[in-house]
Number of protein chains: 2
Amino acid sequence: MAGELSGGDLSRLRQLNALAVIKALQGGPSLTLTEVAKRTGLSRASTEDVVRELLDKGWVAEAGATAGGVGRPARRYRFRAEAGRVLGIDIGDHKIRAVVADLDGAVLHSARMPVTPEMGRVERLEAVDRAAAECLEGANLSGGDVWASGVGTTGLVDGAGRVMLSEALPEWTGVDLAAHVRRLAPGPVLVENDSKLAALAECWRGVARYAKDMVFLLAGLRTGAGLVIDGKLHRGFANASGEIGALPVLGWIRAQEHLSAASGEAGDVFAAARAGDKAAANAVRRYVKDLALGASALVLALDPQMVVVGGGFSRSADVLIEPLRRELDRWCIRTPEVRMSALGDEGVVLGAVRLALDDVEDRVLDGRSPLVSHL
Amino acid sequence: MAGELSGGDLSRLRQLNALAVIKALQGGPSLTLTEVAKRTGLSRASTEDVVRELLDKGWVAEAGATAGGVGRPARRYRFRAEAGRVLGIDIGDHKIRAVVADLDGAVLHSARMPVTPEMGRVERLEAVDRAAAECLEGANLSGGDVWASGVGTTGLVDGAGRVMLSEALPEWTGVDLAAHVRRLAPGPVLVENDSKLAALAECWRGVARYAKDMVFLLAGLRTGAGLVIDGKLHRGFANASGEIGALPVLGWIRAQEHLSAASGEAGDVFAAARAGDKAAANAVRRYVKDLALGASALVLALDPQMVVVGGGFSRSADVLIEPLRRELDRWCIRTPEVRMSALGDEGVVLGAVRLALDDVEDRVLDGRSPLVSHL
DNA sequence: AGAAATATCATGGAGAGCATCATTATTCGG
DNA sequence: CCGAATAATGATGCTCTCCATGATATTTCT
């Protein structure tokens with residue numbers, strides 16, 4: 001029950017309040033000092049002090065005043081999202097996506113490279129290089145401008161950013177992704193499993209924005225899960241959480257087979273089922289049953305507020321969600337809200353951006369951020 | 001992704017540092033100011049200030065100096081555990097336990113009442129009253145001296161301290177335990193599911209003291225689980241986490257039946273198996289297989305550092321642990337450390353004490369604790 | 001132009017933490 | 001028994017952070 005609520009120095013207090021001001025300003029429109037003070041709970045005077053400091057350090061900029069009100073017009077301040085850049089990369093079986101985003105997480109430029117599951121390690125890494133390069137070029141940046149990079153990949157990832165085990169891509173096991181990406185962008189590189197990143201993205205910008213406990217289901221050619229517990233991505237002791245698919249009785253291993261047995265192309269089955277094809281409808285039903293079994297195990301274990309379904313099959317929400325909800329109802333003590341991801345196939349790459357931004361924010365607190373040295 | 005790292009006032013800093021000093025002093029032996037300063041990271045001067053304040057408020061007392069060293073002998077300070085009392089109650093099917101503990105969690109007096117699963121609600125509540133009364137009397141206290149009470153019970157508990165659903169004790173569903181216990185001790189009453197409390201206790205005083213992520217298995221006439229994630233008890237959105245037993249394919253429903261089928265008294269089966277009885281050994285093997293199935297689901301979902309087995313059957317560690325570990329190995333990607341609870345049937349009541357103490361500590365921070373008004 | 005409204009700026013004070021140094025109480029060695 | 005060494009305590013003054021308050025500035029409304 002460690003806790004480690006350090007407390008400590010006075011400067012620590014300032015750091016916390018500075019972060020609170022940044023959070024208040026981030027994302028939203030520009031605010032006046034009085035507005036910031038109200039949101040952070042600080043006094044106006046202190047707020048002014050903090051904002052001046054952030055202004056000096058380059059985290060905040062003055063925004064144009066808005067006319068209209070009575071009284072002396074207030075200065076408006078905004079988070080200087082353009083102060084830094086982060087890189088997000090999603091390495092999938094069929095495509096590689098890279099995006100450059102600002103400190104608000106707004107995507108400035110993105111690139112996509114088609115790949116195939118059969119591709120070897122070297123070829124795939126080259127595709128990563130091309131996607132990242134194109135993306136940086138498009139945003140008119142060099143690798144050195146990137147403050148942090150987030151990378152999502154299939155398979156288990158270790159703490160140092162190496163791929164420990166990838167079932168879908170055998171050649172992928174053992175790749176040191178962190179080292180590879182660091183060649184492209186020399187800042188910190190955070191590597192994480194793709195399901196986990198998609199979960200993170202849903203809690204950030206997706207449909208789970210207000211959920212503290214959430215289970216994300218990756219429903220696609222592979223089936224996986226990512227967990228957010230108490231507002232934080234849950235990794236586990238060896239970064240192997242959410243791997244419920246390894247348990248045969250929970251059905252995730254065979255889930256997808258029902259679909260491929262019914263038709264050559266998995267995606268077509270949903271269309272056929274929608275059109276009234278009995279065999280396809282049956283296949284979908286069996287798929288959902290198996291998906292729900294593993295999902296129920298997660299829901300019963302964690303009792304989350306929400307289950308979010310993403311992955312390739314989430315496009316077929318109409319034939320998936322309702323049956324899934326019914327199946328969950330069958331097993332669960334309390335069936336949580338079930339929602340379809342709204343992020344489509346951008347989930348993973350957005351999660352990668354979020355991962356990089358989290359790293360940047362940690363360093364705001366410590367004053368170790370790049371900005372300090374730039375000014 | 002809220003976060004809510006408020007920051008705030010200067011007094012907040014003092015609160016945090018005061019708590020840090022208390023934590024440093026709690027449990028261990030008396031310390032000198034310099035020792036406290038080293039542990040908290042504060043300067044000696046500030047430590048002195050904080051300690052003086054805590055001395056005034058009654059949280060800390062001076063302890064006798066220890067002779068022997070060279071130089072001016074230092075004053076020693078200790079946490080004044082005797083300043084307050086908490087009550088812990090475990091309401092089980094076969095027994096009710098109540099303990100009174102001091103602020104260190106040291107048990108001052110305990111009482112035990114035998115009950116039966118068949119007992120009605122009223123009778124059981126009367127037994128709770130008797131156990132609590134005997135316990136308070138033995139410690140020479142009245143209910144008003146109790147700063148907070150923790151209560152553990154079978155079944156699901158809602159946020160307000162009512163039993164929502166108890167499968168083992170049908171009559172128990174709907175009891176407002178918080179209200180009932182508040183009649184005995186008018187302070188705050190925290191009610192929680194027994195498996196969760198046992199998990200909490202293991203992380204506090206049991207074998208999982210240094211684990212941040214832990215899965216506790218209640219192995220007994222009932223089978224249940226409690227989860228500690230990131231050092232905190234995980235409750236879930238509706239306090240229904242760990243209920244993996246509701247999923248039939250995971251075997252916890254039928255697990256215990258293997259044992260009762262082999263012998264009238266479940267406890268005997270382990271003894272028989274240990275003695276070499278083939279049928280009993282088989283029954284135990286099947287039991288462990290089923291137990292491990294649900295446990296694997298939890299382990300795969302969460303990837304905890306440790307699995308702790310408690311409950312009535314944990315006395316039979318010799319025939320349980322090794323097979324369980326082997327079964328987990330079969331299903332899990334990374335098998336965590338598996339350990340037997342060392343708390344025996346005290347786990348739940350100790351967890352209840354911890355729950356009450358957590359509540360007290362929260363109030364230390366706010367200055368809302370009883371002590372302030374006493375002095 | 002004057003009143004009202006609202007924001008910024010300046011001053012002073014309180015709380016918290018820290019560094020420094022003088023003072024005090026021991027033990028140890030001779 | 002006395003002085004040196006050792007280590008804790010106590011006092012002083014500084015800085016940092018936050019806050020309350022009131023003076024000043026800039027705008028709109030009448």
# chains A, B, ... in the order shown; residues from 1 in each chain; ligands from 1
$ interface_residues --of "chain B" --to "chain D" --cutoff "9 Å" --atoms "only C-alpha atoms (C1' of nucleotides)" --output "number ranges by chain"
B: 8-10, 33-34, 70-75
$ write_last_selection --atoms "all heavy atoms" --output "PDB file, in the first residue's frame"
ATOM      1  N   GLY B   8      -3.097  23.374  -5.643  1.00  0.00           N
ATOM      2  CA  GLY B   8      -3.815  24.192  -4.690  1.00  0.00           C
ATOM      3  C   GLY B   8      -2.983  24.929  -3.664  1.00  0.00           C
ATOM      4  O   GLY B   8      -1.896  25.406  -3.956  1.00  0.00           O
ATOM      5  N   ASP B   9      -3.511  24.973  -2.493  1.00  0.00           N
ATOM      6  CA  ASP B   9      -3.052  25.858  -1.440  1.00  0.00           C
ATOM      7  C   ASP B   9      -1.707  25.443  -0.828  1.00  0.00           C
ATOM      8  O   ASP B   9      -1.228  24.350  -1.020  1.00  0.00           O
ATOM      9  CB  ASP B   9      -4.108  25.838  -0.338  1.00  0.00           C
ATOM     10  CG  ASP B   9      -4.100  27.107   0.449  1.00  0.00           C
ATOM     11  OD1 ASP B   9      -3.064  27.783   0.426  1.00  0.00           O
ATOM     12  OD2 ASP B   9      -5.122  27.410   1.065  1.00  0.00           O
ATOM     13  N   LEU B  10      -1.132  26.363  -0.069  1.00  0.00           N
ATOM     14  CA  LEU B  10       0.069  26.027   0.682  1.00  0.00           C
ATOM     15  C   LEU B  10      -0.241  25.035   1.790  1.00  0.00           C
ATOM     16  O   LEU B  10       0.551  24.136   2.074  1.00  0.00           O
ATOM     17  CB  LEU B  10       0.655  27.289   1.328  1.00  0.00           C
ATOM     18  CG  LEU B  10       1.644  28.080   0.510  1.00  0.00           C
ATOM     19  CD1 LEU B  10       2.130  29.262   1.303  1.00  0.00           C
ATOM     20  CD2 LEU B  10       2.807  27.200   0.127  1.00  0.00           C
ATOM     21  N   LEU B  33      14.171  12.907  15.075  1.00  0.00           N
ATOM     22  CA  LEU B  33      13.824  13.876  14.048  1.00  0.00           C
ATOM     23  C   LEU B  33      14.672  13.698  12.795  1.00  0.00           C
ATOM     24  O   LEU B  33      14.173  13.762  11.676  1.00  0.00           O
ATOM     25  CB  LEU B  33      14.020  15.297  14.583  1.00  0.00           C
ATOM     26  CG  LEU B  33      12.893  15.825  15.460  1.00  0.00           C
ATOM     27  CD1 LEU B  33      13.161  17.255  15.841  1.00  0.00           C
ATOM     28  CD2 LEU B  33      11.574  15.730  14.708  1.00  0.00           C
ATOM     29  N   THR B  34      15.952  13.485  13.005  1.00  0.00           N
ATOM     30  CA  THR B  34      16.834  13.329  11.845  1.00  0.00           C
ATOM     31  C   THR B  34      16.425  12.118  11.016  1.00  0.00           C
ATOM     32  O   THR B  34      16.460  12.163   9.781  1.00  0.00           O
ATOM     33  CB  THR B  34      18.288  13.157  12.309  1.00  0.00           C
ATOM     34  OG1 THR B  34      18.423  13.684  13.615  1.00  0.00           O
ATOM     35  CG2 THR B  34      19.232  13.846  11.376  1.00  0.00           C
ATOM     36  N   VAL B  70      26.943   8.148  20.913  1.00  0.00           N
ATOM     37  CA  VAL B  70      27.764   9.284  21.270  1.00  0.00           C
ATOM     38  C   VAL B  70      27.034  10.553  20.839  1.00  0.00           C
ATOM     39  O   VAL B  70      26.197  10.512  19.946  1.00  0.00           O
ATOM     40  CB  VAL B  70      29.152   9.184  20.601  1.00  0.00           C
ATOM     41  CG1 VAL B  70      28.996   9.068  19.100  1.00  0.00           C
ATOM     42  CG2 VAL B  70      30.022  10.360  20.971  1.00  0.00           C
ATOM     43  N   GLY B  71      27.327  11.641  21.466  1.00  0.00           N
ATOM     44  CA  GLY B  71      26.671  12.892  21.119  1.00  0.00           C
ATOM     45  C   GLY B  71      25.410  13.124  21.909  1.00  0.00           C
ATOM     46  O   GLY B  71      24.963  12.244  22.665  1.00  0.00           O
ATOM     47  N   ARG B  72      24.847  14.272  21.762  1.00  0.00           N
ATOM     48  CA  ARG B  72      23.624  14.590  22.497  1.00  0.00           C
ATOM     49  C   ARG B  72      22.512  13.622  22.114  1.00  0.00           C
ATOM     50  O   ARG B  72      22.252  13.434  20.930  1.00  0.00           O
ATOM     51  CB  ARG B  72      23.206  16.016  22.144  1.00  0.00           C
ATOM     52  CG  ARG B  72      21.882  16.418  22.765  1.00  0.00           C
ATOM     53  CD  ARG B  72      21.648  17.873  22.548  1.00  0.00           C
ATOM     54  NE  ARG B  72      20.365  18.266  23.101  1.00  0.00           N
ATOM     55  CZ  ARG B  72      19.971  19.521  23.206  1.00  0.00           C
ATOM     56  NH1 ARG B  72      20.766  20.489  22.799  1.00  0.00           N
ATOM     57  NH2 ARG B  72      18.808  19.825  23.711  1.00  0.00           N
ATOM     58  N   PRO B  73      21.871  13.015  23.075  1.00  0.00           N
ATOM     59  CA  PRO B  73      20.843  12.025  22.746  1.00  0.00           C
ATOM     60  C   PRO B  73      19.634  12.703  22.102  1.00  0.00           C
ATOM     61  O   PRO B  73      19.196  13.771  22.550  1.00  0.00           O
ATOM     62  CB  PRO B  73      20.494  11.408  24.091  1.00  0.00           C
ATOM     63  CG  PRO B  73      20.884  12.423  25.094  1.00  0.00           C
ATOM     64  CD  PRO B  73      22.029  13.199  24.513  1.00  0.00           C
ATOM     65  N   ALA B  74      19.139  12.066  21.068  1.00  0.00           N
ATOM     66  CA  ALA B  74      18.025  12.651  20.332  1.00  0.00           C
ATOM     67  C   ALA B  74      16.715  12.311  21.002  1.00  0.00           C
ATOM     68  O   ALA B  74      16.561  11.237  21.586  1.00  0.00           O
ATOM     69  CB  ALA B  74      18.019  12.130  18.905  1.00  0.00           C
ATOM     70  N   ARG B  75      15.774  13.224  20.909  1.00  0.00           N
ATOM     71  CA  ARG B  75      14.413  12.897  21.326  1.00  0.00           C
ATOM     72  C   ARG B  75      13.848  11.919  20.308  1.00  0.00           C
ATOM     73  O   ARG B  75      14.105  12.031  19.119  1.00  0.00           O
ATOM     74  CB  ARG B  75      13.555  14.149  21.335  1.00  0.00           C
ATOM     75  CG  ARG B  75      13.886  15.052  22.470  1.00  0.00           C
ATOM     76  CD  ARG B  75      12.887  16.169  22.529  1.00  0.00           C
ATOM     77  NE  ARG B  75      13.210  17.054  23.625  1.00  0.00           N
ATOM     78  CZ  ARG B  75      12.731  18.298  23.748  1.00  0.00           C
ATOM     79  NH1 ARG B  75      11.929  18.763  22.823  1.00  0.00           N
ATOM     80  NH2 ARG B  75      13.050  19.044  24.764  1.00  0.00           N
TER      81      ARG B  75
END
$ interface_residues --of "chain C" --to "chain B" --cutoff "10 Å" --atoms "only C-alpha atoms (C1' of nucleotides)" --output "VMD selection string"
chain C and resid 15 to 19 24 to 28
$ select_by_dssp --residues "segment 98-142 of chain A" --states "helix (DSSP H, G or I)" --output "ChimeraX atom specification"
/A:121-138
$ write_last_selection --atoms "N, CA and C atoms" --output "CSV table (one decimal), in the first residue's frame"
chain,number,residue,atom,x,y,z
A,121,ARG,N,10.7,-8.7,-41.8
A,121,ARG,CA,10.9,-7.7,-40.8
A,121,ARG,C,11.6,-6.5,-41.5
A,122,VAL,N,12.6,-6.7,-42.3
A,122,VAL,CA,13.3,-5.6,-42.9
A,122,VAL,C,12.4,-4.7,-43.7
A,123,GLU,N,11.6,-5.4,-44.6
A,123,GLU,CA,10.7,-4.7,-45.5
A,123,GLU,C,9.7,-3.9,-44.7
A,124,ARG,N,9.2,-4.4,-43.6
A,124,ARG,CA,8.2,-3.7,-42.8
A,124,ARG,C,8.8,-2.5,-42.1
A,125,LEU,N,10.0,-2.7,-41.6
A,125,LEU,CA,10.7,-1.6,-41.0
A,125,LEU,C,11.0,-0.5,-42.0
A,126,GLU,N,11.3,-0.9,-43.2
A,126,GLU,CA,11.5,0.1,-44.3
A,126,GLU,C,10.2,0.9,-44.5
A,127,ALA,N,9.1,0.2,-44.5
A,127,ALA,CA,7.8,0.9,-44.7
A,127,ALA,C,7.6,1.9,-43.6
A,128,VAL,N,8.0,1.5,-42.4
A,128,VAL,CA,7.8,2.4,-41.2
A,128,VAL,C,8.7,3.6,-41.5
A,129,ASP,N,9.9,3.4,-41.9
A,129,ASP,CA,10.7,4.6,-42.2
A,129,ASP,C,10.1,5.5,-43.3
A,130,ARG,N,9.6,4.9,-44.3
A,130,ARG,CA,9.0,5.7,-45.4
A,130,ARG,C,7.8,6.5,-44.9
A,131,ALA,N,6.9,5.8,-44.1
A,131,ALA,CA,5.7,6.5,-43.6
A,131,ALA,C,6.2,7.7,-42.7
A,132,ALA,N,7.1,7.4,-41.8
A,132,ALA,CA,7.5,8.4,-40.9
A,132,ALA,C,8.2,9.6,-41.6
A,133,ALA,N,9.0,9.3,-42.6
A,133,ALA,CA,9.7,10.3,-43.3
A,133,ALA,C,8.7,11.2,-44.1
A,134,GLU,N,7.8,10.5,-44.8
A,134,GLU,CA,6.8,11.3,-45.5
A,134,GLU,C,6.0,12.2,-44.6
A,135,CYS,N,5.7,11.7,-43.5
A,135,CYS,CA,4.9,12.4,-42.5
A,135,CYS,C,5.7,13.7,-42.0
A,136,LEU,N,6.9,13.4,-41.6
A,136,LEU,CA,7.7,14.5,-41.1
A,136,LEU,C,7.9,15.6,-42.2
A,137,GLU,N,8.2,15.1,-43.4
A,137,GLU,CA,8.4,16.0,-44.6
A,137,GLU,C,7.2,16.8,-44.8
A,138,GLY,N,6.1,16.2,-44.8
A,138,GLY,CA,4.8,16.9,-45.1
A,138,GLY,C,4.6,17.9,-44.0
$ residues_around --residues "Tyr77 of chain B" --least-positions-apart "5" --cutoff "8 Å" --atoms "only C-alpha atoms (C1' of nucleotides)" --output "ChimeraX atom specification"
/B:25,30-33,60-63
$ closest_atom_pairs --of "chain A" --to "chain B" --cutoff "6 Å" --atoms "only C-alpha atoms" --output "Markdown table"
| residue | atom | partner | partner_atom | distance |
| --- | --- | --- | --- | --- |
| A:Met1 | CA | B:Gly231 | CA | 5.5 |
| A:Gly7 | CA | B:Leu16 | CA | 5.0 |
| A:Leu13 | CA | B:Gly7 | CA | 6.0 |
| A:Leu16 | CA | B:Gly7 | CA | 5.0 |
| A:Asn17 | CA | B:Gly7 | CA | 5.3 |
| A:Gly231 | CA | B:Met1 | CA | 5.4 |
| A:Gly236 | CA | B:Asp303 | CA | 4.7 |
| A:Phe237 | CA | B:Gln305 | CA | 5.4 |
| A:Ala240 | CA | B:Asp303 | CA | 5.6 |
| A:Ser241 | CA | B:Leu302 | CA | 4.5 |
| A:Gly242 | CA | B:Ala301 | CA | 4.3 |
| A:Glu243 | CA | B:Leu300 | CA | 5.2 |
| A:Ile244 | CA | B:Leu300 | CA | 5.0 |
| A:Leu300 | CA | B:Ile244 | CA | 5.0 |
| A:Ala301 | CA | B:Gly242 | CA | 4.2 |
| A:Leu302 | CA | B:Ser241 | CA | 4.5 |
| A:Asp303 | CA | B:Gly236 | CA | 4.7 |
| A:Pro304 | CA | B:Phe237 | CA | 5.5 |
| A:Gln305 | CA | B:Phe237 | CA | 5.3 |
$ atom_distance --atom1 "atom CA of Leu328 of chain B" --atom2 "atom CA of Val288 of chain B"
9.9 Å
$ residues_around --residues "Ile89 of chain B" --least-positions-apart "2" --cutoff "7 Å" --atoms "only C-alpha atoms (C1' of nucleotides)" --output "MDAnalysis selection string"
chainID B and resid 87 91 97:99 150:152 349 352
$ write_last_selection --atoms "C-alpha atoms" --output "short mmCIF file (atom, residue, chain, number, x, y, z; two decimals), in the first residue's frame"
data_model
loop_
_atom_site.label_atom_id
_atom_site.label_comp_id
_atom_site.auth_asym_id
_atom_site.auth_seq_id
_atom_site.Cartn_x
_atom_site.Cartn_y
_atom_site.Cartn_z
CA LEU B 87 -13.73 -1.50 14.53
CA ILE B 91 -19.69 -11.49 8.71
CA ARG B 97 -15.59 -11.93 13.88
CA ALA B 98 -15.15 -8.50 15.32
CA VAL B 99 -11.95 -6.78 16.33
CA GLY B 150 -15.09 -1.56 8.37
CA VAL B 151 -17.42 -4.42 7.59
CA GLY B 152 -16.85 -7.42 5.34
CA VAL B 349 -11.43 -8.87 9.38
CA ALA B 352 -12.06 -4.47 7.32
#
$ atom_distance --atom1 "atom CA of Val338 of chain A" --atom2 "atom CA of Val215 of chain A"
9.6 Å
$ residues_around --residues "segment 168-178 of chain A" --least-positions-apart "5" --cutoff "9 Å" --atoms "only C-alpha atoms (C1' of nucleotides)" --output "PyMOL selection string"
chain A and resi 93+117-121+124-125+151+154-156+160-163+183+188-191+222
$ atom_distance --atom1 "atom CA of Arg76 of chain B" --atom2 "atom CA of Leu55 of chain B"
12.0 Å
$ closest_residue --among "B:Val353, B:Leu141, B:Val115, B:Met164" --to "Ala101 of chain B" --atoms "only C-alpha atoms"
B:Val353
$ select_by_dssp --residues "segment 30-144 of chain A" --states "strand (DSSP E or B)" --output "PyMOL selection string"
chain A and resi 31-32+60-63+76-79+85-91+95-102+107-114
$ write_last_selection --atoms "N, CA, C and O atoms" --output "compact mmCIF listing (two decimals), in the first residue's frame"
# COMPACT_ATOMS: atom_id res chain seq x y z
N LEU A 31 -8.63 31.57 -23.00
CA LEU A 31 -9.34 31.94 -21.78
C LEU A 31 -8.74 33.23 -21.20
O LEU A 31 -7.58 33.54 -21.43
N THR A 32 -9.54 33.93 -20.43
CA THR A 32 -9.02 35.08 -19.70
C THR A 32 -8.45 34.59 -18.38
O THR A 32 -8.71 33.47 -17.96
N VAL A 60 2.64 29.01 -23.14
CA VAL A 60 1.37 29.71 -23.29
C VAL A 60 1.64 30.95 -24.13
O VAL A 60 2.74 31.50 -24.11
N ALA A 61 0.64 31.37 -24.91
CA ALA A 61 0.79 32.59 -25.70
C ALA A 61 -0.45 33.44 -25.52
O ALA A 61 -1.51 32.93 -25.14
N GLU A 62 -0.29 34.73 -25.79
CA GLU A 62 -1.45 35.59 -25.69
C GLU A 62 -2.26 35.44 -26.97
O GLU A 62 -1.71 35.34 -28.06
N ALA A 63 -3.55 35.41 -26.82
CA ALA A 63 -4.43 35.30 -27.98
C ALA A 63 -5.16 36.62 -28.16
O ALA A 63 -5.21 37.42 -27.24
N ARG A 76 -6.50 37.47 -23.40
CA ARG A 76 -6.83 36.05 -23.50
C ARG A 76 -5.55 35.25 -23.72
O ARG A 76 -4.64 35.70 -24.41
N TYR A 77 -5.51 34.10 -23.11
CA TYR A 77 -4.33 33.24 -23.24
C TYR A 77 -4.73 31.89 -23.81
O TYR A 77 -5.83 31.41 -23.58
N ARG A 78 -3.81 31.28 -24.53
CA ARG A 78 -4.08 29.96 -25.08
C ARG A 78 -2.85 29.09 -24.89
O ARG A 78 -1.74 29.59 -24.74
N PHE A 79 -3.06 27.81 -24.87
CA PHE A 79 -1.96 26.86 -24.81
C PHE A 79 -1.21 26.91 -26.13
O PHE A 79 -1.83 26.92 -27.19
N ARG A 85 6.14 19.12 -31.17
CA ARG A 85 5.54 18.14 -32.06
C ARG A 85 5.78 16.74 -31.52
O ARG A 85 6.83 16.47 -30.95
N VAL A 86 4.79 15.88 -31.70
CA VAL A 86 5.02 14.47 -31.38
C VAL A 86 4.68 13.62 -32.60
O VAL A 86 3.94 14.05 -33.49
N LEU A 87 5.25 12.44 -32.59
CA LEU A 87 5.07 11.52 -33.71
C LEU A 87 4.33 10.30 -33.21
O LEU A 87 4.63 9.78 -32.13
N GLY A 88 3.33 9.86 -33.96
CA GLY A 88 2.61 8.63 -33.61
C GLY A 88 2.68 7.66 -34.77
O GLY A 88 2.49 8.06 -35.92
N ILE A 89 2.95 6.40 -34.47
CA ILE A 89 3.06 5.40 -35.53
C ILE A 89 2.25 4.17 -35.16
O ILE A 89 2.29 3.70 -34.03
N ASP A 90 1.49 3.68 -36.12
CA ASP A 90 0.74 2.44 -35.92
C ASP A 90 1.23 1.43 -36.93
O ASP A 90 1.11 1.63 -38.14
N ILE A 91 1.82 0.37 -36.45
CA ILE A 91 2.35 -0.67 -37.33
C ILE A 91 1.39 -1.85 -37.33
O ILE A 91 1.34 -2.62 -36.37
N LYS A 95 -1.34 -2.26 -42.89
CA LYS A 95 -0.98 -0.87 -43.19
C LYS A 95 -0.12 -0.30 -42.07
O LYS A 95 -0.14 -0.79 -40.94
N ILE A 96 0.63 0.69 -42.44
CA ILE A 96 1.39 1.43 -41.44
C ILE A 96 0.93 2.86 -41.51
O ILE A 96 0.82 3.43 -42.60
N ARG A 97 0.62 3.42 -40.35
CA ARG A 97 0.18 4.82 -40.31
C ARG A 97 1.12 5.62 -39.46
O ARG A 97 1.55 5.16 -38.40
N ALA A 98 1.43 6.80 -39.92
CA ALA A 98 2.23 7.70 -39.10
C ALA A 98 1.54 9.05 -39.09
O ALA A 98 0.98 9.47 -40.11
N VAL A 99 1.55 9.72 -37.96
CA VAL A 99 1.00 11.08 -37.91
C VAL A 99 1.93 11.96 -37.09
O VAL A 99 2.62 11.50 -36.19
N VAL A 100 1.95 13.23 -37.47
CA VAL A 100 2.61 14.24 -36.65
C VAL A 100 1.51 15.07 -36.01
O VAL A 100 0.56 15.47 -36.69
N ALA A 101 1.60 15.28 -34.72
CA ALA A 101 0.58 16.06 -34.03
C ALA A 101 1.23 17.14 -33.19
O ALA A 101 2.41 17.05 -32.86
N ASP A 102 0.46 18.17 -32.87
CA ASP A 102 0.98 19.21 -31.99
C ASP A 102 0.68 18.84 -30.54
O ASP A 102 0.16 17.76 -30.27
N VAL A 107 -3.81 16.55 -35.28
CA VAL A 107 -2.98 15.93 -36.31
C VAL A 107 -2.64 16.95 -37.38
O VAL A 107 -3.52 17.59 -37.96
N LEU A 108 -1.34 17.11 -37.64
CA LEU A 108 -0.89 18.09 -38.62
C LEU A 108 -0.67 17.46 -39.98
O LEU A 108 -0.90 18.07 -41.01
N HIS A 109 -0.20 16.25 -39.94
CA HIS A 109 0.06 15.58 -41.21
C HIS A 109 0.03 14.09 -40.95
O HIS A 109 0.41 13.64 -39.89
N SER A 110 -0.45 13.33 -41.93
CA SER A 110 -0.44 11.89 -41.72
C SER A 110 -0.05 11.18 -43.00
O SER A 110 -0.18 11.73 -44.10
N ALA A 111 0.46 9.99 -42.84
CA ALA A 111 0.89 9.20 -44.00
C ALA A 111 0.46 7.76 -43.79
O ALA A 111 0.34 7.29 -42.65
N ARG A 112 0.24 7.06 -44.86
CA ARG A 112 -0.20 5.67 -44.76
C ARG A 112 0.59 4.84 -45.78
O ARG A 112 0.78 5.27 -46.92
N MET A 113 1.05 3.70 -45.37
CA MET A 113 1.80 2.79 -46.25
C MET A 113 1.12 1.44 -46.22
O MET A 113 0.98 0.84 -45.15
N PRO A 114 0.70 0.92 -47.35
CA PRO A 114 0.15 -0.42 -47.32
C PRO A 114 1.26 -1.45 -47.15
O PRO A 114 2.36 -1.30 -47.71
